[in-house]
Amino acid sequence: MTQDAFEGAQSGGLPPAVQALAEADFSAVARLFADAGFAVALPAPGMLQVKHASADLNRASVAVSVGVHGDETGPIEVLAYLLDALSRDASALAVDLLVCVGNVDAIRAGKRFIDADLNRMFRPVRGALASAAEAARADDMIAATSAFFNGAGPVRWHLDLHTAIRPSVYPTFAIVPDLVPDVAKAQLIAWLGQAAIGAIIMNPQSAGTYSYYSAEHFGAAASTVELGRVGTLGQNDLSLFDEVSRALDGLLRGAPAQPIKAASHVFKVAQEIIKHSDDFRMAFDRSTQNFTALPQHALIAIDGDVSYTVKHAEELVVFPNPDVRVGLRAGLMVVRVS
Ligand SMILES: [Zn+2]
């Protein structure tokens with residue numbers, strides 16, 4: 001914690017660095033990076049781009065996003081402290097960096113979203129979601145992210161940091177698009193191991209998420225990373241985020257890869273549970289943890305006269321949420337592959 005941050009915490013308010021990032025106010029860090037000779041831009045509200053003055057296609061381009069769900073505040077705190085420290089030691093920044101604070105209005109309101117889930121907007125056809133406030137926000141994020149990666153070298157990362165709604169057998173886990181090329185995927189999986197991410201789900205199909213979009217359209221090694229639980233800004237237990245914070249700091253400073261303490265368990269998607277009607281009912285209650293195992297033939301959900309059941313010897317349920325809009329994913333069933 002810096003002295004300013006410490007004093008902020010002492011006075012009972014939010015530490016200034018956390019307050020600033022939660023408000024998508026980049027003025028302090030932008031000035032420090034600019035003073036150190038970086039090309040700094042604010043391509044959209046809530047987005048900060050920091051590039052080295054000279055182009056180098058060997059340099060990695062790293063996008064880091066937080067607050068895509070407005071109530072997922074832990075990663076905002078983690079990134080705030082990390083950016084604050086890095087900006088005071090700006091010459092250590094080894095990559096071109098895009099920082100995105102996703103749903104700024106929802107963060108301000110202390111809500112997950114204003115009209116609809118921002119992390120379902122990154123798809124070509126939005127249907128009934130098109131009129132939501134989040135649709136325009138996603139367009140801004142896509143434009144700025146596209147501009148950031150346009151002309152970047154081949155080493156491209158996008159880490160979209162979240163916290164899970166419900167408890168999980170694996171307290172931290174990540175979703176990685178299958179379509180990330182093998183070499184980049186191996187580096188991403190190694191980084192996730194360094195960040196002590198317990199489980200990785202290889203995902204064959206977009207659910208309209210920001211990270212999948214970056215993988216599909218910008219060739220980024222991209223992942224949605226779920227870190228612990230939803231919590232109030234300023235009151236998160238940041239010790240839960242130590243390893244991911246260290247790994248992210250290392251990535252941004254170009255530190256050599258650290259040994260992995262324990263490789264993440266890898267899963268693949270067995271089936272997507274789509275809510276097709278308002279009659280949709282899940283077979284288990286809201287207290288069900290992520291990665292709860294269900295045996296073959298067990299009932300997952302009923303939707304009118306369609307029933308979803310477990311097809312493999314065992315499938316584990318992730319993101320069960322019967323409250324999503326009709327047409328969207330109400331859960332994922334996964335099987336372990338390594
Ligand atoms: Zn989230």
# chains A, B, ... in the order shown; residues from 1 in each chain; ligands from 1
call {"tool": "closest_atom_pairs", "arguments": {"of": "chain A", "to": "ligand 1", "cutoff": "6 Å", "atoms": "only C-alpha atoms and all ligand atoms", "output": "tab-separated table"}}
result
residue	atom	partner	partner_atom_place_in_ligand_line	distance
A:His69	CA	ligand 1	1 (Zn)	4.9
A:His162	CA	ligand 1	1 (Zn)	4.4
A:Thr163	CA	ligand 1	1 (Zn)	5.5
call {"tool": "residues_around", "arguments": {"residues": "stretch 260-272 of chain A", "least_positions_apart": "3", "cutoff": "9 Å", "atoms": "only C-alpha atoms", "output": "JSON list (two decimals) with all heavy atoms, in the first residue's frame"}}
result
[["chain", "number", "residue", "atom", "x", "y", "z"],
["A", 173, "PHE", "N", -10.96, -19.72, -10.59],
["A", 173, "PHE", "CA", -10.94, -20.50, -11.83],
["A", 173, "PHE", "C", -11.02, -19.56, -13.02],
["A", 173, "PHE", "O", -11.30, -18.37, -12.87],
["A", 173, "PHE", "CB", -12.06, -21.56, -11.86],
["A", 173, "PHE", "CG", -13.46, -21.01, -11.76],
["A", 173, "PHE", "CD1", -14.24, -20.84, -12.91],
["A", 173, "PHE", "CD2", -14.03, -20.69, -10.54],
["A", 173, "PHE", "CE1", -15.54, -20.35, -12.84],
["A", 173, "PHE", "CE2", -15.33, -20.20, -10.45],
["A", 173, "PHE", "CZ", -16.09, -20.04, -11.60],
["A", 189, "ILE", "N", -1.98, -20.54, -19.89],
["A", 189, "ILE", "CA", -2.23, -21.56, -18.86],
["A", 189, "ILE", "C", -1.09, -21.54, -17.82],
["A", 189, "ILE", "O", -1.34, -21.68, -16.61],
["A", 189, "ILE", "CB", -2.42, -22.95, -19.50],
["A", 189, "ILE", "CG1", -3.79, -22.97, -20.22],
["A", 189, "ILE", "CG2", -2.33, -24.07, -18.47],
["A", 189, "ILE", "CD1", -4.06, -24.21, -21.04],
["A", 190, "ALA", "N", 0.15, -21.32, -18.28],
["A", 190, "ALA", "CA", 1.27, -21.22, -17.33],
["A", 190, "ALA", "C", 1.08, -20.00, -16.42],
["A", 190, "ALA", "O", 1.30, -20.09, -15.21],
["A", 190, "ALA", "CB", 2.59, -21.13, -18.09],
["A", 191, "TRP", "N", 0.65, -18.89, -17.01],
["A", 191, "TRP", "CA", 0.42, -17.69, -16.19],
["A", 191, "TRP", "C", -0.70, -17.94, -15.17],
["A", 191, "TRP", "O", -0.59, -17.54, -14.00],
["A", 191, "TRP", "CB", 0.07, -16.49, -17.07],
["A", 191, "TRP", "CG", -0.09, -15.23, -16.25],
["A", 191, "TRP", "CD1", 0.89, -14.36, -15.87],
["A", 191, "TRP", "CD2", -1.31, -14.74, -15.68],
["A", 191, "TRP", "NE1", 0.36, -13.37, -15.09],
["A", 191, "TRP", "CE2", -0.98, -13.58, -14.94],
["A", 191, "TRP", "CE3", -2.63, -15.18, -15.69],
["A", 191, "TRP", "CZ2", -1.95, -12.84, -14.25],
["A", 191, "TRP", "CZ3", -3.59, -14.45, -14.98],
["A", 191, "TRP", "CH2", -3.24, -13.29, -14.29],
["A", 192, "LEU", "N", -1.76, -18.60, -15.60],
["A", 192, "LEU", "CA", -2.87, -18.89, -14.69],
["A", 192, "LEU", "C", -2.39, -19.79, -13.55],
["A", 192, "LEU", "O", -2.83, -19.65, -12.41],
["A", 192, "LEU", "CB", -4.03, -19.55, -15.45],
["A", 192, "LEU", "CG", -4.76, -18.61, -16.44],
["A", 192, "LEU", "CD1", -5.66, -19.42, -17.37],
["A", 192, "LEU", "CD2", -5.59, -17.56, -15.70],
["A", 193, "GLY", "N", -1.45, -20.70, -13.85],
["A", 193, "GLY", "CA", -0.87, -21.53, -12.80],
["A", 193, "GLY", "C", -0.08, -20.69, -11.81],
["A", 193, "GLY", "O", -0.20, -20.87, -10.59],
["A", 194, "GLN", "N", 0.71, -19.74, -12.33],
["A", 194, "GLN", "CA", 1.45, -18.84, -11.44],
["A", 194, "GLN", "C", 0.50, -18.03, -10.56],
["A", 194, "GLN", "O", 0.84, -17.70, -9.42],
["A", 194, "GLN", "CB", 2.28, -17.86, -12.26],
["A", 194, "GLN", "CG", 3.56, -18.45, -12.80],
["A", 194, "GLN", "CD", 4.29, -17.43, -13.65],
["A", 194, "GLN", "OE1", 4.39, -16.26, -13.28],
["A", 194, "GLN", "NE2", 4.75, -17.87, -14.79],
["A", 195, "ALA", "N", -0.65, -17.70, -11.12],
["A", 195, "ALA", "CA", -1.63, -16.92, -10.36],
["A", 195, "ALA", "C", -2.44, -17.80, -9.42],
["A", 195, "ALA", "O", -3.40, -17.33, -8.80],
["A", 195, "ALA", "CB", -2.56, -16.18, -11.33],
["A", 196, "ALA", "N", -2.05, -19.09, -9.32],
["A", 196, "ALA", "CA", -2.71, -20.05, -8.42],
["A", 196, "ALA", "C", -4.19, -20.23, -8.73],
["A", 196, "ALA", "O", -5.01, -20.40, -7.83],
["A", 196, "ALA", "CB", -2.50, -19.66, -6.95],
["A", 197, "ILE", "N", -4.52, -20.17, -10.01],
["A", 197, "ILE", "CA", -5.90, -20.41, -10.44],
["A", 197, "ILE", "C", -6.13, -21.92, -10.40],
["A", 197, "ILE", "O", -5.41, -22.68, -11.05],
["A", 197, "ILE", "CB", -6.12, -19.85, -11.86],
["A", 197, "ILE", "CG1", -5.85, -18.34, -11.90],
["A", 197, "ILE", "CG2", -7.53, -20.19, -12.34],
["A", 197, "ILE", "CD1", -6.64, -17.51, -10.93],
["A", 198, "GLY", "N", -7.12, -22.36, -9.63],
["A", 198, "GLY", "CA", -7.28, -23.79, -9.37],
["A", 198, "GLY", "C", -7.79, -24.59, -10.55],
["A", 198, "GLY", "O", -7.42, -25.75, -10.72],
["A", 199, "ALA", "N", -8.63, -23.98, -11.36],
["A", 199, "ALA", "CA", -9.26, -24.72, -12.45],
["A", 199, "ALA", "C", -9.37, -23.86, -13.70],
["A", 199, "ALA", "O", -9.56, -22.64, -13.60],
["A", 199, "ALA", "CB", -10.66, -25.19, -12.03],
["A", 200, "ILE", "N", -9.23, -24.50, -14.84],
["A", 200, "ILE", "CA", -9.37, -23.81, -16.13],
["A", 200, "ILE", "C", -10.42, -24.56, -16.94],
["A", 200, "ILE", "O", -10.35, -25.78, -17.08],
["A", 200, "ILE", "CB", -8.04, -23.80, -16.90],
["A", 200, "ILE", "CG1", -6.99, -23.01, -16.12],
["A", 200, "ILE", "CG2", -8.23, -23.22, -18.30],
["A", 200, "ILE", "CD1", -5.58, -23.14, -16.70],
["A", 201, "ILE", "N", -11.40, -23.82, -17.46],
["A", 201, "ILE", "CA", -12.41, -24.41, -18.33],
["A", 201, "ILE", "C", -12.12, -23.99, -19.75],
["A", 201, "ILE", "O", -12.10, -22.80, -20.07],
["A", 201, "ILE", "CB", -13.82, -23.94, -17.92],
["A", 201, "ILE", "CG1", -14.14, -24.36, -16.49],
["A", 201, "ILE", "CG2", -14.87, -24.50, -18.89],
["A", 201, "ILE", "CD1", -15.41, -23.73, -15.93],
["A", 202, "MET", "N", -11.86, -24.98, -20.61],
["A", 202, "MET", "CA", -11.66, -24.67, -22.02],
["A", 202, "MET", "C", -13.05, -24.54, -22.67],
["A", 202, "MET", "O", -13.86, -25.46, -22.58],
["A", 202, "MET", "CB", -10.87, -25.80, -22.71],
["A", 202, "MET", "CG", -9.49, -26.06, -22.10],
["A", 202, "MET", "SD", -8.42, -24.61, -21.95],
["A", 202, "MET", "CE", -8.45, -23.99, -23.62],
["A", 203, "ASN", "N", -13.28, -23.40, -23.28],
["A", 203, "ASN", "CA", -14.63, -23.09, -23.73],
["A", 203, "ASN", "C", -14.70, -23.07, -25.26],
["A", 203, "ASN", "O", -13.98, -22.30, -25.91],
["A", 203, "ASN", "CB", -15.03, -21.71, -23.16],
["A", 203, "ASN", "CG", -16.42, -21.31, -23.56],
["A", 203, "ASN", "OD1", -17.24, -22.15, -23.92],
["A", 203, "ASN", "ND2", -16.69, -20.03, -23.49],
["A", 204, "PRO", "N", -15.55, -23.91, -25.84],
["A", 204, "PRO", "CA", -15.60, -24.00, -27.31],
["A", 204, "PRO", "C", -16.43, -22.92, -27.98],
["A", 204, "PRO", "O", -16.41, -22.79, -29.20],
["A", 204, "PRO", "CB", -16.24, -25.37, -27.53],
["A", 204, "PRO", "CG", -17.13, -25.55, -26.34],
["A", 204, "PRO", "CD", -16.43, -24.86, -25.18],
["A", 257, "ALA", "N", 9.09, -15.99, -16.08],
["A", 257, "ALA", "CA", 8.05, -16.85, -15.53],
["A", 257, "ALA", "C", 8.54, -17.51, -14.24],
["A", 257, "ALA", "O", 9.69, -17.95, -14.17],
["A", 257, "ALA", "CB", 7.65, -17.90, -16.55],
["A", 310, "VAL", "N", -27.32, -35.28, -17.03],
["A", 310, "VAL", "CA", -25.87, -35.51, -17.12],
["A", 310, "VAL", "C", -25.61, -36.67, -18.08],
["A", 310, "VAL", "O", -26.20, -37.74, -17.93],
["A", 310, "VAL", "CB", -25.30, -35.84, -15.71],
["A", 310, "VAL", "CG1", -23.83, -36.25, -15.81],
["A", 310, "VAL", "CG2", -25.48, -34.63, -14.79],
["A", 311, "LYS", "N", -24.73, -36.45, -19.06],
["A", 311, "LYS", "CA", -24.48, -37.46, -20.08],
["A", 311, "LYS", "C", -23.22, -38.27, -19.80],
["A", 311, "LYS", "O", -23.15, -39.45, -20.10],
["A", 311, "LYS", "CB", -24.38, -36.79, -21.45],
["A", 311, "LYS", "CG", -25.68, -36.08, -21.83],
["A", 311, "LYS", "CD", -25.71, -35.68, -23.29],
["A", 311, "LYS", "CE", -27.11, -35.24, -23.72],
["A", 311, "LYS", "NZ", -27.65, -34.12, -22.95],
["A", 312, "HIS", "N", -22.19, -37.63, -19.25],
["A", 312, "HIS", "CA", -20.94, -38.34, -18.95],
["A", 312, "HIS", "C", -21.06, -39.05, -17.60],
["A", 312, "HIS", "O", -22.06, -38.88, -16.89],
["A", 312, "HIS", "CB", -19.77, -37.36, -18.92],
["A", 312, "HIS", "CG", -19.51, -36.70, -20.24],
["A", 312, "HIS", "ND1", -20.31, -35.69, -20.72],
["A", 312, "HIS", "CD2", -18.54, -36.91, -21.16],
["A", 312, "HIS", "CE1", -19.85, -35.30, -21.90],
["A", 312, "HIS", "NE2", -18.79, -36.02, -22.20],
["A", 315, "GLU", "N", -20.45, -35.00, -14.42],
["A", 315, "GLU", "CA", -20.31, -33.64, -14.92],
["A", 315, "GLU", "C", -20.39, -32.69, -13.73],
["A", 315, "GLU", "O", -21.09, -32.97, -12.75],
["A", 315, "GLU", "CB", -21.39, -33.30, -15.96],
["A", 315, "GLU", "CG", -21.30, -34.16, -17.23],
["A", 315, "GLU", "CD", -22.41, -33.87, -18.24],
["A", 315, "GLU", "OE1", -23.17, -32.90, -18.06],
["A", 315, "GLU", "OE2", -22.51, -34.65, -19.22],
["A", 329, "ARG", "N", -27.44, -18.36, -21.50],
["A", 329, "ARG", "CA", -26.89, -19.52, -20.83],
["A", 329, "ARG", "C", -27.21, -19.49, -19.35],
["A", 329, "ARG", "O", -26.88, -18.53, -18.66],
["A", 329, "ARG", "CB", -25.38, -19.52, -21.05],
["A", 329, "ARG", "CG", -24.67, -20.74, -20.55],
["A", 329, "ARG", "CD", -23.19, -20.62, -20.81],
["A", 329, "ARG", "NE", -22.55, -19.76, -19.83],
["A", 329, "ARG", "CZ", -21.29, -19.31, -19.93],
["A", 329, "ARG", "NH1", -20.57, -19.62, -20.98],
["A", 329, "ARG", "NH2", -20.77, -18.56, -19.00],
["A", 330, "ALA", "N", -27.84, -20.55, -18.86],
["A", 330, "ALA", "CA", -28.20, -20.62, -17.43],
["A", 330, "ALA", "C", -27.22, -21.49, -16.65],
["A", 330, "ALA", "O", -27.35, -21.61, -15.42],
["A", 330, "ALA", "CB", -29.60, -21.17, -17.27],
["A", 331, "GLY", "N", -26.25, -22.05, -17.32],
["A", 331, "GLY", "CA", -25.25, -22.86, -16.63],
["A", 331, "GLY", "C", -24.39, -23.61, -17.62],
["A", 331, "GLY", "O", -24.74, -23.74, -18.80],
["A", 332, "LEU", "N", -23.24, -24.06, -17.14],
["A", 332, "LEU", "CA", -22.32, -24.87, -17.93],
["A", 332, "LEU", "C", -22.11, -26.18, -17.21],
["A", 332, "LEU", "O", -21.99, -26.20, -15.98],
["A", 332, "LEU", "CB", -20.94, -24.19, -18.02],
["A", 332, "LEU", "CG", -20.62, -23.17, -19.07],
["A", 332, "LEU", "CD1", -19.15, -22.76, -18.92],
["A", 332, "LEU", "CD2", -20.89, -23.69, -20.45],
["A", 333, "MET", "N", -22.05, -27.28, -17.96],
["A", 333, "MET", "CA", -21.64, -28.55, -17.38],
["A", 333, "MET", "C", -20.26, -28.87, -17.95],
["A", 333, "MET", "O", -20.04, -28.79, -19.17],
["A", 333, "MET", "CB", -22.64, -29.65, -17.76],
["A", 333, "MET", "CG", -24.08, -29.37, -17.35],
["A", 333, "MET", "SD", -24.33, -29.06, -15.58],
["A", 333, "MET", "CE", -23.88, -30.66, -14.88],
["A", 334, "VAL", "N", -19.33, -29.23, -17.07],
["A", 334, "VAL", "CA", -17.94, -29.47, -17.52],
["A", 334, "VAL", "C", -17.47, -30.84, -17.05],
["A", 334, "VAL", "O", -17.99, -31.40, -16.09],
["A", 334, "VAL", "CB", -16.98, -28.37, -17.00],
["A", 334, "VAL", "CG1", -17.44, -27.00, -17.47],
["A", 334, "VAL", "CG2", -16.85, -28.40, -15.49],
["A", 335, "VAL", "N", -16.46, -31.36, -17.76],
["A", 335, "VAL", "CA", -15.80, -32.61, -17.36],
["A", 335, "VAL", "C", -14.30, -32.36, -17.30],
["A", 335, "VAL", "O", -13.75, -31.57, -18.08],
["A", 335, "VAL", "CB", -16.10, -33.77, -18.34],
["A", 335, "VAL", "CG1", -17.56, -34.20, -18.24],
["A", 335, "VAL", "CG2", -15.75, -33.41, -19.76],
["A", 336, "ARG", "N", -13.63, -33.04, -16.37],
["A", 336, "ARG", "CA", -12.20, -32.82, -16.19],
["A", 336, "ARG", "C", -11.41, -33.59, -17.25],
["A", 336, "ARG", "O", -11.71, -34.75, -17.52],
["A", 336, "ARG", "CB", -11.76, -33.28, -14.79],
["A", 336, "ARG", "CG", -10.33, -32.93, -14.53],
["A", 336, "ARG", "CD", -9.96, -32.91, -13.08],
["A", 336, "ARG", "NE", -8.51, -32.84, -12.97],
["A", 336, "ARG", "CZ", -7.81, -33.13, -11.91],
["A", 336, "ARG", "NH1", -8.42, -33.54, -10.82],
["A", 336, "ARG", "NH2", -6.49, -33.04, -11.93],
["A", 337, "VAL", "N", -10.41, -32.93, -17.85],
["A", 337, "VAL", "CA", -9.57, -33.59, -18.85],
["A", 337, "VAL", "C", -8.13, -33.75, -18.39],
["A", 337, "VAL", "O", -7.41, -34.61, -18.91],
["A", 337, "VAL", "CB", -9.62, -32.87, -20.22],
["A", 337, "VAL", "CG1", -10.99, -33.04, -20.84],
["A", 337, "VAL", "CG2", -9.28, -31.40, -20.10],
["A", 338, "SER", "N", -7.65, -32.93, -17.45],
["A", 338, "SER", "CA", -6.29, -33.12, -16.92],
["A", 338, "SER", "C", -6.13, -32.38, -15.61],
["A", 338, "SER", "O", -6.93, -31.52, -15.27],
["A", 338, "SER", "CB", -5.24, -32.66, -17.92],
["A", 338, "SER", "OG", -5.25, -31.24, -18.00]]
call {"tool": "residues_around", "arguments": {"residues": "A:Leu86", "least_positions_apart": "2", "cutoff": "10 Å", "atoms": "only C-alpha atoms", "output": "number ranges by chain"}}
result
A: 29, 32-33, 80-84, 88-93, 249, 252-253
call {"tool": "write_last_selection", "arguments": {"atoms": "N, CA and C atoms", "output": "mmCIF file, in the first residue's frame"}}
result
data_model
loop_
_atom_site.group_PDB
_atom_site.id
_atom_site.type_symbol
_atom_site.label_atom_id
_atom_site.label_comp_id
_atom_site.auth_asym_id
_atom_site.auth_seq_id
_atom_site.Cartn_x
_atom_site.Cartn_y
_atom_site.Cartn_z
ATOM 1 N N VAL A 29 -2.554 8.304 -12.491
ATOM 2 C CA VAL A 29 -1.641 7.335 -13.125
ATOM 3 C C VAL A 29 -1.292 7.768 -14.548
ATOM 4 N N LEU A 32 1.584 10.227 -14.426
ATOM 5 C CA LEU A 32 2.877 9.619 -14.086
ATOM 6 C C LEU A 32 3.460 8.847 -15.273
ATOM 7 N N PHE A 33 2.606 8.110 -15.997
ATOM 8 C CA PHE A 33 3.112 7.385 -17.170
ATOM 9 C C PHE A 33 3.527 8.377 -18.264
ATOM 10 N N ALA A 80 -6.104 -1.366 -8.675
ATOM 11 C CA ALA A 80 -5.835 0.006 -8.240
ATOM 12 C C ALA A 80 -4.473 0.095 -7.546
ATOM 13 N N TYR A 81 -4.219 -0.809 -6.614
ATOM 14 C CA TYR A 81 -2.932 -0.780 -5.904
ATOM 15 C C TYR A 81 -1.778 -1.092 -6.851
ATOM 16 N N LEU A 82 -2.022 -2.051 -7.749
ATOM 17 C CA LEU A 82 -0.968 -2.462 -8.666
ATOM 18 C C LEU A 82 -0.596 -1.318 -9.627
ATOM 19 N N LEU A 83 -1.636 -0.660 -10.174
ATOM 20 C CA LEU A 83 -1.395 0.450 -11.108
ATOM 21 C C LEU A 83 -0.758 1.639 -10.405
ATOM 22 N N ASP A 84 -1.211 1.889 -9.181
ATOM 23 C CA ASP A 84 -0.670 2.993 -8.406
ATOM 24 C C ASP A 84 0.832 2.796 -8.205
ATOM 25 N N ARG A 88 4.226 4.783 -10.291
ATOM 26 C CA ARG A 88 5.295 5.499 -9.569
ATOM 27 C C ARG A 88 6.672 4.940 -9.901
ATOM 28 N N ASP A 89 6.665 3.843 -10.647
ATOM 29 C CA ASP A 89 7.909 3.184 -11.068
ATOM 30 C C ASP A 89 7.742 2.899 -12.565
ATOM 31 N N ALA A 90 7.258 3.955 -13.291
ATOM 32 C CA ALA A 90 6.676 3.751 -14.617
ATOM 33 C C ALA A 90 7.627 3.094 -15.603
ATOM 34 N N SER A 91 8.928 3.380 -15.483
ATOM 35 C CA SER A 91 9.866 2.818 -16.468
ATOM 36 C C SER A 91 9.891 1.294 -16.393
ATOM 37 N N ALA A 92 9.347 0.709 -15.326
ATOM 38 C CA ALA A 92 9.317 -0.755 -15.199
ATOM 39 C C ALA A 92 8.239 -1.390 -16.071
ATOM 40 N N LEU A 93 7.329 -0.569 -16.613
ATOM 41 C CA LEU A 93 6.262 -1.146 -17.454
ATOM 42 C C LEU A 93 6.893 -1.705 -18.732
ATOM 43 N N ASP A 249 1.410 -8.379 -11.840
ATOM 44 C CA ASP A 249 2.508 -7.424 -11.739
ATOM 45 C C ASP A 249 3.717 -7.931 -12.527
ATOM 46 N N LEU A 252 3.172 -7.492 -16.284
ATOM 47 C CA LEU A 252 3.277 -6.108 -16.754
ATOM 48 C C LEU A 252 4.720 -5.600 -16.696
ATOM 49 N N ARG A 253 5.512 -6.162 -15.795
ATOM 50 C CA ARG A 253 6.918 -5.751 -15.674
ATOM 51 C C ARG A 253 7.859 -6.638 -16.485
#
call {"tool": "closest_residue", "arguments": {"among": "A:Pro171, A:Gly208, A:Gly127, A:Gly219", "to": "A:Gly151", "atoms": "only C-alpha atoms"}}
result
A:Gly219
call {"tool": "atom_distance", "arguments": {"atom1": "atom CA of A:Phe113", "atom2": "atom CA of A:Asp278"}}
result
21.0 Å
call {"tool": "select_by_dssp", "arguments": {"residues": "stretch 248-317 of chain A", "states": "strand (DSSP E or B)", "output": "compact mmCIF listing (two decimals) with N, CA, C and O atoms, in the first residue's frame"}}
result
# COMPACT_ATOMS: atom_id res chain seq x y z
N HIS A 265 -6.21 -27.55 -12.62
CA HIS A 265 -6.98 -28.65 -13.21
C HIS A 265 -7.69 -28.11 -14.46
O HIS A 265 -8.19 -26.99 -14.45
N VAL A 266 -7.71 -28.90 -15.53
CA VAL A 266 -8.29 -28.43 -16.78
C VAL A 266 -9.59 -29.19 -17.07
O VAL A 266 -9.65 -30.42 -16.95
N PHE A 267 -10.61 -28.44 -17.45
CA PHE A 267 -11.92 -29.00 -17.76
C PHE A 267 -12.33 -28.56 -19.16
O PHE A 267 -11.87 -27.53 -19.67
N LYS A 268 -13.21 -29.34 -19.77
CA LYS A 268 -13.83 -28.89 -21.01
C LYS A 268 -15.34 -28.88 -20.84
O LYS A 268 -15.88 -29.58 -19.97
N VAL A 269 -15.98 -28.10 -21.69
CA VAL A 269 -17.44 -27.97 -21.59
C VAL A 269 -18.10 -29.23 -22.14
O VAL A 269 -17.80 -29.66 -23.26
N ALA A 270 -18.97 -29.85 -21.35
CA ALA A 270 -19.72 -31.02 -21.80
C ALA A 270 -21.04 -30.58 -22.43
O ALA A 270 -21.46 -31.11 -23.45
N GLN A 271 -21.70 -29.63 -21.81
CA GLN A 271 -22.93 -29.08 -22.39
C GLN A 271 -23.23 -27.70 -21.81
O GLN A 271 -22.83 -27.39 -20.70
N GLU A 272 -23.87 -26.89 -22.64
CA GLU A 272 -24.34 -25.58 -22.22
C GLU A 272 -25.82 -25.70 -21.92
O GLU A 272 -26.58 -26.26 -22.71
N ILE A 273 -26.24 -25.18 -20.77
CA ILE A 273 -27.66 -25.22 -20.42
C ILE A 273 -28.26 -23.86 -20.79
O ILE A 273 -27.94 -22.84 -20.18
N ILE A 274 -29.09 -23.86 -21.82
CA ILE A 274 -29.70 -22.61 -22.29
C ILE A 274 -31.13 -22.52 -21.75
O ILE A 274 -31.88 -23.49 -21.80
N ARG A 281 -36.58 -24.45 -15.07
CA ARG A 281 -36.32 -24.70 -13.64
C ARG A 281 -35.04 -25.51 -13.50
O ARG A 281 -34.89 -26.52 -14.19
N MET A 282 -34.15 -25.12 -12.60
CA MET A 282 -32.96 -25.93 -12.36
C MET A 282 -33.26 -26.95 -11.26
O MET A 282 -34.11 -26.72 -10.40
N ASN A 290 -20.20 -23.76 -7.38
CA ASN A 290 -19.57 -24.02 -8.68
C ASN A 290 -18.69 -25.27 -8.55
O ASN A 290 -18.04 -25.48 -7.53
N THR A 292 -19.77 -28.34 -8.44
CA THR A 292 -20.42 -29.47 -7.77
C THR A 292 -20.60 -30.59 -8.79
O THR A 292 -21.07 -30.37 -9.90
N ALA A 293 -20.20 -31.81 -8.39
CA ALA A 293 -20.25 -32.96 -9.30
C ALA A 293 -21.63 -33.60 -9.28
O ALA A 293 -22.23 -33.76 -8.21
N LEU A 294 -22.12 -33.95 -10.46
CA LEU A 294 -23.39 -34.67 -10.57
C LEU A 294 -23.14 -35.97 -11.31
O LEU A 294 -22.37 -36.01 -12.27
N PRO A 295 -23.81 -37.06 -10.90
CA PRO A 295 -23.59 -38.36 -11.56
C PRO A 295 -24.37 -38.48 -12.86
O PRO A 295 -25.33 -37.73 -13.09
N LEU A 299 -30.68 -35.26 -13.16
CA LEU A 299 -31.42 -34.16 -13.78
C LEU A 299 -30.70 -32.83 -13.50
O LEU A 299 -30.31 -32.57 -12.37
N ILE A 300 -30.53 -32.02 -14.55
CA ILE A 300 -29.90 -30.70 -14.40
C ILE A 300 -30.97 -29.61 -14.39
O ILE A 300 -30.98 -28.74 -13.53
N ALA A 301 -31.87 -29.67 -15.37
CA ALA A 301 -32.89 -28.62 -15.48
C ALA A 301 -34.05 -29.14 -16.32
O ALA A 301 -33.88 -30.06 -17.13
N ILE A 302 -35.20 -28.52 -16.13
CA ILE A 302 -36.37 -28.81 -16.95
C ILE A 302 -36.83 -27.49 -17.56
O ILE A 302 -36.86 -26.46 -16.89
N ASP A 303 -37.14 -27.53 -18.86
CA ASP A 303 -37.59 -26.34 -19.56
C ASP A 303 -38.79 -26.76 -20.41
O ASP A 303 -38.62 -27.27 -21.51
N VAL A 306 -38.69 -30.21 -22.27
CA VAL A 306 -37.29 -30.61 -22.47
C VAL A 306 -36.63 -30.77 -21.10
O VAL A 306 -36.81 -29.93 -20.22
N SER A 307 -35.89 -31.88 -20.91
CA SER A 307 -35.12 -32.00 -19.66
C SER A 307 -33.64 -32.20 -20.00
O SER A 307 -33.29 -32.89 -20.96
N TYR A 308 -32.80 -31.52 -19.24
CA TYR A 308 -31.35 -31.64 -19.38
C TYR A 308 -30.85 -32.62 -18.33
O TYR A 308 -31.14 -32.45 -17.14
N THR A 309 -30.07 -33.62 -18.75
CA THR A 309 -29.51 -34.59 -17.80
C THR A 309 -28.01 -34.73 -18.03
O THR A 309 -27.49 -34.37 -19.09
N GLU A 314 -19.63 -38.36 -15.02
CA GLU A 314 -19.77 -37.29 -14.03
C GLU A 314 -19.64 -35.96 -14.76
O GLU A 314 -18.82 -35.82 -15.66
N GLU A 315 -20.45 -35.00 -14.42
CA GLU A 315 -20.31 -33.64 -14.92
C GLU A 315 -20.39 -32.69 -13.73
O GLU A 315 -21.09 -32.97 -12.75
N LEU A 316 -19.67 -31.57 -13.84
CA LEU A 316 -19.67 -30.59 -12.76
C LEU A 316 -20.36 -29.33 -13.24
O LEU A 316 -20.17 -28.90 -14.39
N VAL A 317 -21.16 -28.75 -12.38
CA VAL A 317 -21.95 -27.58 -12.79
C VAL A 317 -21.22 -26.29 -12.43
O VAL A 317 -20.64 -26.15 -11.36
call {"tool": "select_by_dssp", "arguments": {"residues": "stretch 100-245 of chain A", "states": "alpha helix (DSSP H)", "output": "PyMOL selection string"}}
result
chain A and resi 104-109+133-149+182-194+210-218+242-245
call {"tool": "closest_residue", "arguments": {"among": "A:Ile107, A:Ala132, A:Val318, A:Val244", "to": "A:Ile175", "atoms": "only C-alpha atoms"}}
result
A:Val318
